[in-house]
file run-v4.txt (compact mmCIF, C-alpha atoms)
# COMPACT_ATOMS: atom_id res chain seq x y z
CA MET A 1 140.62 189.53 194.73
CA PHE A 2 141.95 187.96 191.53
CA PRO A 3 142.32 189.99 188.33
CA PRO A 4 139.20 189.73 186.06
CA ALA A 5 140.92 187.47 183.48
CA ILE A 6 141.86 184.95 186.18
CA GLN A 7 138.51 185.12 187.98
CA LYS A 8 136.61 184.55 184.72
CA LEU A 9 138.50 181.32 184.06
CA ILE A 10 138.08 180.18 187.68
CA ASP A 11 134.31 180.69 187.32
CA LEU A 12 134.30 178.69 184.08
CA PHE A 13 136.29 175.78 185.55
CA SER A 14 134.06 175.79 188.65
CA LYS A 15 131.15 174.74 186.41
CA PHE A 16 132.90 171.43 185.66
CA PRO A 17 131.52 168.40 187.58
CA THR A 18 133.15 167.92 191.02
CA VAL A 19 135.41 171.00 190.50
CA GLY A 20 135.14 173.63 193.21
CA PRO A 21 136.64 177.17 193.24
CA ARG A 22 139.91 176.03 194.88
CA THR A 23 140.59 173.31 192.32
CA ALA A 24 139.53 175.69 189.54
CA ALA A 25 142.05 178.25 190.82
CA ARG A 26 144.80 175.60 190.75
CA PHE A 27 143.95 174.84 187.11
CA VAL A 28 144.18 178.54 186.21
CA PHE A 29 147.52 179.12 187.92
CA TYR A 30 148.88 175.97 186.29
CA LEU A 31 147.85 177.39 182.90
CA ILE A 32 149.59 180.69 183.71
CA ARG A 33 152.88 178.87 184.35
CA ILE A 34 152.96 176.59 181.28
CA PRO A 35 154.38 177.73 177.88
CA LYS A 36 152.10 179.41 175.33
CA GLU A 37 152.46 176.40 172.97
CA LYS A 38 150.84 174.15 175.57
CA ILE A 39 147.90 176.57 175.85
CA GLU A 40 147.52 176.48 172.05
CA GLU A 41 147.66 172.66 172.13
CA LEU A 42 144.90 172.61 174.76
CA THR A 43 142.77 175.11 172.81
CA LYS A 44 143.14 173.04 169.63
CA ALA A 45 142.18 169.83 171.47
CA ILE A 46 139.01 171.49 172.82
CA GLU A 47 138.09 172.78 169.35
CA GLU A 48 138.60 169.29 167.88
CA LEU A 49 136.45 167.83 170.65
CA LYS A 50 133.53 170.02 169.57
CA SER A 51 134.06 169.50 165.84
CA LYS A 52 134.86 165.75 165.73
CA ILE A 53 132.85 164.22 168.58
CA LYS A 54 129.13 163.56 168.22
CA LEU A 55 126.46 161.83 170.30
CA CYS A 56 124.88 158.55 169.24
CA PRO A 57 121.16 159.14 168.57
CA LEU A 58 120.32 155.70 170.03
CA CYS A 59 122.29 155.50 173.27
CA GLY A 60 123.72 158.98 173.81
CA ASN A 61 127.33 157.80 173.88
CA SER A 62 129.97 160.11 172.37
CA PHE A 63 132.03 158.83 169.45
CA GLU A 64 134.21 159.94 166.55
CA GLY A 65 133.65 158.96 162.93
CA GLU A 66 131.36 159.26 159.94
CA GLU A 67 128.96 156.49 161.01
CA GLU A 68 125.43 157.34 162.12
CA PHE A 69 125.63 155.32 165.34
CA CYS A 70 128.39 154.64 167.89
CA PRO A 71 130.58 151.48 167.60
CA ILE A 72 128.54 149.65 170.26
CA CYS A 73 125.13 150.32 168.67
CA SER A 74 126.58 149.56 165.21
CA ASP A 75 128.09 146.23 166.27
CA GLY A 76 126.02 143.39 164.82
CA ARG A 77 127.37 141.01 167.48
CA ARG A 78 125.74 142.94 170.34
CA ASP A 79 122.44 141.67 171.76
CA LYS A 80 119.95 144.41 170.78
CA THR A 81 117.21 142.81 172.91
CA LEU A 82 119.12 143.75 176.08
CA VAL A 83 119.42 147.44 177.07
CA CYS A 84 121.44 148.66 180.04
CA ILE A 85 120.45 152.10 181.36
CA VAL A 86 123.34 154.00 182.96
CA GLU A 87 123.63 157.45 184.47
CA LYS A 88 126.68 158.70 182.57
CA GLU A 89 129.32 157.70 180.03
CA VAL A 90 131.97 156.78 182.61
CA ASP A 91 129.54 154.15 183.96
CA LEU A 92 129.24 152.66 180.47
CA GLU A 93 133.04 152.49 180.23
CA ALA A 94 133.27 150.80 183.64
CA ILE A 95 130.79 148.11 182.53
CA GLU A 96 132.52 147.63 179.17
CA LYS A 97 135.82 146.93 180.95
CA THR A 98 134.28 143.84 182.56
CA LYS A 99 133.70 142.35 179.05
CA LYS A 100 130.67 140.54 180.53
CA PHE A 101 127.80 142.62 179.13
CA LYS A 102 126.94 141.87 175.49
CA GLY A 103 123.87 144.09 175.08
CA VAL A 104 123.56 147.79 174.24
CA TYR A 105 123.27 150.91 176.41
CA PHE A 106 121.14 153.95 177.07
CA ILE A 107 122.77 156.93 178.84
CA LEU A 108 120.38 159.01 180.94
CA GLY A 109 122.73 161.94 181.38
CA GLY A 110 122.01 162.38 185.09
CA THR A 111 119.35 161.62 187.67
CA ILE A 112 115.82 162.84 188.31
CA SER A 113 116.23 164.81 191.51
CA GLY A 114 114.53 167.80 193.10
CA PHE A 115 117.98 169.35 193.48
CA GLU A 116 118.78 169.24 189.78
CA ARG A 117 118.17 172.05 187.34
CA LYS A 118 114.77 172.00 185.68
CA LYS A 119 116.27 171.99 182.17
CA ALA A 120 118.46 168.96 182.96
CA LYS A 121 115.46 167.08 184.35
CA GLU A 122 113.37 167.88 181.26
CA LYS A 123 116.19 166.62 179.01
CA ILE A 124 116.27 163.27 180.84
CA GLU A 125 112.47 162.97 180.64
CA GLU A 126 112.60 163.69 176.91
CA ARG A 127 115.29 161.03 176.35
CA VAL A 128 113.32 158.40 178.28
CA GLU A 129 110.20 159.16 176.23
CA LYS A 130 112.25 158.51 173.07
CA LEU A 131 113.40 155.16 174.51
CA ILE A 132 109.79 154.20 175.35
CA ASN A 133 108.67 155.05 171.81
CA ARG A 134 111.59 153.01 170.42
CA ILE A 135 110.56 150.00 172.54
CA LYS A 136 106.97 150.27 171.32
CA GLU A 137 107.90 150.72 167.64
CA GLU A 138 110.72 148.19 167.29
CA GLN A 139 109.38 145.56 169.73
CA LYS A 140 112.87 144.01 169.86
CA ILE A 141 113.87 144.94 173.40
CA LYS A 142 113.15 142.11 175.87
CA GLU A 143 114.99 143.28 179.01
CA ILE A 144 116.07 146.60 180.50
CA ILE A 145 118.78 146.61 183.18
CA LEU A 146 118.71 149.64 185.49
CA ALA A 147 122.45 150.00 186.21
CA LEU A 148 122.42 153.24 188.15
CA ASN A 149 124.71 154.24 191.00
CA PRO A 150 123.68 153.11 194.52
CA THR A 151 122.98 156.69 195.67
CA THR A 152 119.77 158.23 197.03
CA GLU A 153 119.25 160.32 193.87
CA ALA A 154 119.79 157.29 191.62
CA GLN A 155 117.37 155.17 193.66
CA GLN A 156 114.70 157.86 193.21
CA THR A 157 115.45 157.77 189.49
CA ILE A 158 115.10 153.97 189.43
CA LEU A 159 111.62 154.22 191.01
CA TRP A 160 110.69 156.90 188.47
CA LEU A 161 111.99 154.75 185.58
CA GLN A 162 110.08 151.70 186.84
CA ARG A 163 106.86 153.72 186.79
CA LYS A 164 107.61 155.07 183.30
CA LEU A 165 108.48 151.65 181.87
CA LYS A 166 105.63 149.82 183.56
CA GLY A 167 103.16 148.31 181.13
CA LEU A 168 105.66 147.84 178.27
CA LYS A 169 105.58 144.04 178.71
CA ILE A 170 109.36 143.75 179.02
CA LYS A 171 111.57 142.45 181.81
CA ILE A 172 113.01 145.20 184.05
CA THR A 173 115.91 144.25 186.31
CA GLN A 174 118.41 145.98 188.62
CA LEU A 175 122.03 145.24 189.41
CA GLY A 176 122.47 142.75 192.25
CA ARG A 177 124.06 143.51 195.58
CA GLY A 178 127.75 144.00 196.04
CA LEU A 179 128.06 147.64 195.03
CA PRO A 180 128.71 149.87 198.07
CA LYS A 181 125.80 152.11 199.02
CA GLY A 182 126.45 155.71 198.04
CA GLY A 183 129.28 154.62 195.72
CA GLU A 184 129.73 155.15 191.98
CA LEU A 185 129.88 152.52 189.24
CA GLU A 186 132.95 154.14 187.70
CA TYR A 187 134.98 153.37 190.87
CA ALA A 188 133.77 149.78 191.31
CA ASP A 189 136.24 147.03 190.43
CA GLU A 190 135.52 144.75 187.46
CA GLU A 191 134.83 141.68 189.61
CA THR A 192 132.23 143.51 191.74
CA LEU A 193 130.50 144.88 188.63
CA SER A 194 130.48 141.46 186.96
CA SER A 195 128.92 139.90 190.06
CA ALA A 196 126.31 142.67 190.23
CA PHE A 197 125.28 141.92 186.62
CA GLU A 198 125.10 138.18 187.20
CA ALA A 199 123.00 138.70 190.35
CA ARG A 200 120.58 141.18 188.76
CA LYS A 201 116.90 140.73 189.58
call {"tool": "encode", "arguments": {"input": "run-v4.txt", "output": "structure tokens"}}
result
Amino acid sequence: MFPPAIQKLIDLFSKFPTVGPRTAARFVFYLIRIPKEKIEELTKAIEELKSKIKLCPLCGNSFEGEEEFCPICSDGRRDKTLVCIVEKEVDLEAIEKTKKFKGVYFILGGTISGFERKKAKEKIEERVEKLINRIKEEQKIKEIILALNPTTEAQQTILWLQRKLKGLKIKITQLGRGLPKGGELEYADEETLSSAFEARK
């Protein structure tokens, strides 16, 4: 059994996405071995993350600065009639790397799944309701692209989104084929992602 101070940190790291107890333990023992200055540097970086980074009220993307909206939503050259719904921020970054998509984004923050925590599901539902109200009020959005990962949970979320967005009199499309089933957008190469956007239907 690990000492309480070590176990507490292992438990905290284990709450990170895709980090299990073994990986968490490796992180902790790495931190034990590095100099105190490096720990202070890490602590300062985490504090700055919480004090400097904010979420865009339109898309949910994190950004740094005094502006009200993120650089993508603030960019007058972006096509505001085209909204791409993604699961998480790393998916947005993967799409941006292709330099093919010229619209704006909307980050869900997860998927609607029976296995997810109730609070997380409610948060996603609340965000989607805000998007629906925005579509109704602004009447600028012409197309929504559902760019979710080709996983079972994401496919359930796509069906749920299609039901929620039905009746808004806007075009709703999905990424075309080419993405491996069960894969993640963040790991797809730029050419595959570009083709998936061009073949959306």
call {"tool": "atom_distance", "arguments": {"input": "run-v4.txt", "atom1": "CA of Gln139 (chain A)", "atom2": "CA of Glu64 (chain A)"}}
result
28.9 Å
call {"tool": "atom_distance", "arguments": {"input": "run-v4.txt", "atom1": "CA of Gln155 (chain A)", "atom2": "CA of Val19 (chain A)"}}
result
24.2 Å
call {"tool": "closest_residue", "arguments": {"input": "run-v4.txt", "among": "A:Thr157, A:Thr43, A:Ser74, A:Thr23", "to": "Cys56 (chain A)", "atoms": "only C-alpha atoms"}}
result
A:Ser74
call {"tool": "atom_distance", "arguments": {"input": "run-v4.txt", "atom1": "CA of Leu108 (chain A)", "atom2": "CA of Val83 (chain A)"}}
result
12.2 Å
call {"tool": "closest_residue", "arguments": {"input": "run-v4.txt", "among": "A:Leu146, A:Leu31, A:Leu12, A:Ile39", "to": "Trp160 (chain A)", "atoms": "all atoms listed in the file"}}
result
A:Leu146
call {"tool": "residues_around", "arguments": {"input": "run-v4.txt", "residues": "Ala25 (chain A)", "least_positions_apart": "4", "cutoff": "8 Å", "atoms": "all atoms listed in the file", "output": "list in words"}}
result
Ile10, Pro21 and Phe29 of chain A
call {"tool": "closest_residue", "arguments": {"input": "run-v4.txt", "among": "A:Leu9, A:Ile158, A:Ile72, A:Leu165", "to": "Lys130 (chain A)", "atoms": "all atoms listed in the file"}}
result
A:Leu165
call {"tool": "build_atoms", "arguments": {"input": "run-v4.txt", "residues": "region 31-66 of chain A", "atoms": "N, CA and C atoms", "output": "PDB file, keeping the file's coordinate frame"}}
result
ATOM      1  N   LEU A  31     147.863 176.901 184.282  1.00  0.00           N
ATOM      2  CA  LEU A  31     147.850 177.390 182.900  1.00  0.00           C
ATOM      3  C   LEU A  31     148.715 178.638 182.732  1.00  0.00           C
ATOM      4  N   ILE A  32     148.760 179.473 183.762  1.00  0.00           N
ATOM      5  CA  ILE A  32     149.590 180.690 183.710  1.00  0.00           C
ATOM      6  C   ILE A  32     151.068 180.329 183.610  1.00  0.00           C
ATOM      7  N   ARG A  33     151.455 179.249 184.286  1.00  0.00           N
ATOM      8  CA  ARG A  33     152.880 178.870 184.350  1.00  0.00           C
ATOM      9  C   ARG A  33     153.375 178.111 183.119  1.00  0.00           C
ATOM     10  N   ILE A  34     152.490 177.413 182.409  1.00  0.00           N
ATOM     11  CA  ILE A  34     152.960 176.590 181.280  1.00  0.00           C
ATOM     12  C   ILE A  34     153.211 177.449 180.030  1.00  0.00           C
ATOM     13  N   PRO A  35     154.060 176.950 179.095  1.00  0.00           N
ATOM     14  CA  PRO A  35     154.380 177.730 177.880  1.00  0.00           C
ATOM     15  C   PRO A  35     153.133 177.978 177.007  1.00  0.00           C
ATOM     16  N   LYS A  36     153.216 179.012 176.205  1.00  0.00           N
ATOM     17  CA  LYS A  36     152.100 179.410 175.330  1.00  0.00           C
ATOM     18  C   LYS A  36     151.716 178.275 174.369  1.00  0.00           C
ATOM     19  N   GLU A  37     152.731 177.503 173.908  1.00  0.00           N
ATOM     20  CA  GLU A  37     152.460 176.400 172.970  1.00  0.00           C
ATOM     21  C   GLU A  37     151.526 175.357 173.581  1.00  0.00           C
ATOM     22  N   LYS A  38     151.690 175.122 174.878  1.00  0.00           N
ATOM     23  CA  LYS A  38     150.840 174.150 175.570  1.00  0.00           C
ATOM     24  C   LYS A  38     149.389 174.653 175.654  1.00  0.00           C
ATOM     25  N   ILE A  39     149.233 175.963 175.823  1.00  0.00           N
ATOM     26  CA  ILE A  39     147.900 176.570 175.850  1.00  0.00           C
ATOM     27  C   ILE A  39     147.242 176.400 174.471  1.00  0.00           C
ATOM     28  N   GLU A  40     148.028 176.624 173.425  1.00  0.00           N
ATOM     29  CA  GLU A  40     147.520 176.480 172.050  1.00  0.00           C
ATOM     30  C   GLU A  40     147.142 175.032 171.764  1.00  0.00           C
ATOM     31  N   GLU A  41     147.939 174.101 172.284  1.00  0.00           N
ATOM     32  CA  GLU A  41     147.660 172.660 172.130  1.00  0.00           C
ATOM     33  C   GLU A  41     146.335 172.298 172.810  1.00  0.00           C
ATOM     34  N   LEU A  42     146.141 172.850 174.010  1.00  0.00           N
ATOM     35  CA  LEU A  42     144.900 172.610 174.760  1.00  0.00           C
ATOM     36  C   LEU A  42     143.694 173.215 174.028  1.00  0.00           C
ATOM     37  N   THR A  43     143.853 174.427 173.543  1.00  0.00           N
ATOM     38  CA  THR A  43     142.770 175.110 172.810  1.00  0.00           C
ATOM     39  C   THR A  43     142.375 174.324 171.571  1.00  0.00           C
ATOM     40  N   LYS A  44     143.389 173.822 170.841  1.00  0.00           N
ATOM     41  CA  LYS A  44     143.140 173.040 169.630  1.00  0.00           C
ATOM     42  C   LYS A  44     142.400 171.739 169.957  1.00  0.00           C
ATOM     43  N   ALA A  45     142.807 171.094 171.052  1.00  0.00           N
ATOM     44  CA  ALA A  45     142.180 169.830 171.470  1.00  0.00           C
ATOM     45  C   ALA A  45     140.707 170.044 171.816  1.00  0.00           C
ATOM     46  N   ILE A  46     140.397 171.175 172.465  1.00  0.00           N
ATOM     47  CA  ILE A  46     139.010 171.490 172.820  1.00  0.00           C
ATOM     48  C   ILE A  46     138.189 171.766 171.566  1.00  0.00           C
ATOM     49  N   GLU A  47     138.783 172.491 170.621  1.00  0.00           N
ATOM     50  CA  GLU A  47     138.090 172.780 169.350  1.00  0.00           C
ATOM     51  C   GLU A  47     137.803 171.494 168.580  1.00  0.00           C
ATOM     52  N   GLU A  48     138.778 170.577 168.566  1.00  0.00           N
ATOM     53  CA  GLU A  48     138.600 169.290 167.880  1.00  0.00           C
ATOM     54  C   GLU A  48     137.528 168.452 168.565  1.00  0.00           C
ATOM     55  N   LEU A  49     137.457 168.552 169.881  1.00  0.00           N
ATOM     56  CA  LEU A  49     136.450 167.830 170.650  1.00  0.00           C
ATOM     57  C   LEU A  49     135.048 168.218 170.183  1.00  0.00           C
ATOM     58  N   LYS A  50     134.850 169.523 169.988  1.00  0.00           N
ATOM     59  CA  LYS A  50     133.530 170.020 169.570  1.00  0.00           C
ATOM     60  C   LYS A  50     133.249 169.753 168.092  1.00  0.00           C
ATOM     61  N   SER A  51     134.286 169.685 167.280  1.00  0.00           N
ATOM     62  CA  SER A  51     134.060 169.500 165.840  1.00  0.00           C
ATOM     63  C   SER A  51     134.026 168.028 165.415  1.00  0.00           C
ATOM     64  N   LYS A  52     134.750 167.154 166.144  1.00  0.00           N
ATOM     65  CA  LYS A  52     134.860 165.750 165.730  1.00  0.00           C
ATOM     66  C   LYS A  52     133.950 164.791 166.501  1.00  0.00           C
ATOM     67  N   ILE A  53     133.631 165.136 167.737  1.00  0.00           N
ATOM     68  CA  ILE A  53     132.850 164.220 168.580  1.00  0.00           C
ATOM     69  C   ILE A  53     131.351 164.489 168.432  1.00  0.00           C
ATOM     70  N   LYS A  54     130.587 163.423 168.281  1.00  0.00           N
ATOM     71  CA  LYS A  54     129.130 163.560 168.220  1.00  0.00           C
ATOM     72  C   LYS A  54     128.466 162.521 169.125  1.00  0.00           C
ATOM     73  N   LEU A  55     127.196 162.737 169.418  1.00  0.00           N
ATOM     74  CA  LEU A  55     126.460 161.830 170.300  1.00  0.00           C
ATOM     75  C   LEU A  55     125.631 160.844 169.494  1.00  0.00           C
ATOM     76  N   CYS A  56     125.658 159.590 169.904  1.00  0.00           N
ATOM     77  CA  CYS A  56     124.880 158.550 169.240  1.00  0.00           C
ATOM     78  C   CYS A  56     123.388 158.816 169.470  1.00  0.00           C
ATOM     79  N   PRO A  57     122.588 158.864 168.403  1.00  0.00           N
ATOM     80  CA  PRO A  57     121.160 159.140 168.570  1.00  0.00           C
ATOM     81  C   PRO A  57     120.388 158.017 169.284  1.00  0.00           C
ATOM     82  N   LEU A  58     120.985 156.823 169.357  1.00  0.00           N
ATOM     83  CA  LEU A  58     120.320 155.700 170.030  1.00  0.00           C
ATOM     84  C   LEU A  58     120.626 155.644 171.514  1.00  0.00           C
ATOM     85  N   CYS A  59     121.921 155.687 171.858  1.00  0.00           N
ATOM     86  CA  CYS A  59     122.290 155.500 173.270  1.00  0.00           C
ATOM     87  C   CYS A  59     122.780 156.757 173.974  1.00  0.00           C
ATOM     88  N   GLY A  60     123.213 157.760 173.201  1.00  0.00           N
ATOM     89  CA  GLY A  60     123.720 158.980 173.810  1.00  0.00           C
ATOM     90  C   GLY A  60     125.207 158.963 174.092  1.00  0.00           C
ATOM     91  N   ASN A  61     125.890 157.903 173.661  1.00  0.00           N
ATOM     92  CA  ASN A  61     127.330 157.800 173.880  1.00  0.00           C
ATOM     93  C   ASN A  61     128.076 158.681 172.872  1.00  0.00           C
ATOM     94  N   SER A  62     129.193 159.274 173.280  1.00  0.00           N
ATOM     95  CA  SER A  62     129.970 160.110 172.370  1.00  0.00           C
ATOM     96  C   SER A  62     130.939 159.244 171.570  1.00  0.00           C
ATOM     97  N   PHE A  63     131.110 159.600 170.305  1.00  0.00           N
ATOM     98  CA  PHE A  63     132.030 158.830 169.450  1.00  0.00           C
ATOM     99  C   PHE A  63     132.542 159.712 168.324  1.00  0.00           C
ATOM    100  N   GLU A  64     133.584 159.213 167.652  1.00  0.00           N
ATOM    101  CA  GLU A  64     134.210 159.940 166.550  1.00  0.00           C
ATOM    102  C   GLU A  64     134.128 159.092 165.293  1.00  0.00           C
ATOM    103  N   GLY A  65     133.744 159.698 164.192  1.00  0.00           N
ATOM    104  CA  GLY A  65     133.650 158.960 162.930  1.00  0.00           C
ATOM    105  C   GLY A  65     132.498 159.439 162.078  1.00  0.00           C
ATOM    106  N   GLU A  66     132.395 158.856 160.892  1.00  0.00           N
ATOM    107  CA  GLU A  66     131.360 159.260 159.940  1.00  0.00           C
ATOM    108  C   GLU A  66     130.076 158.438 160.080  1.00  0.00           C
TER     109      GLU A  66
END
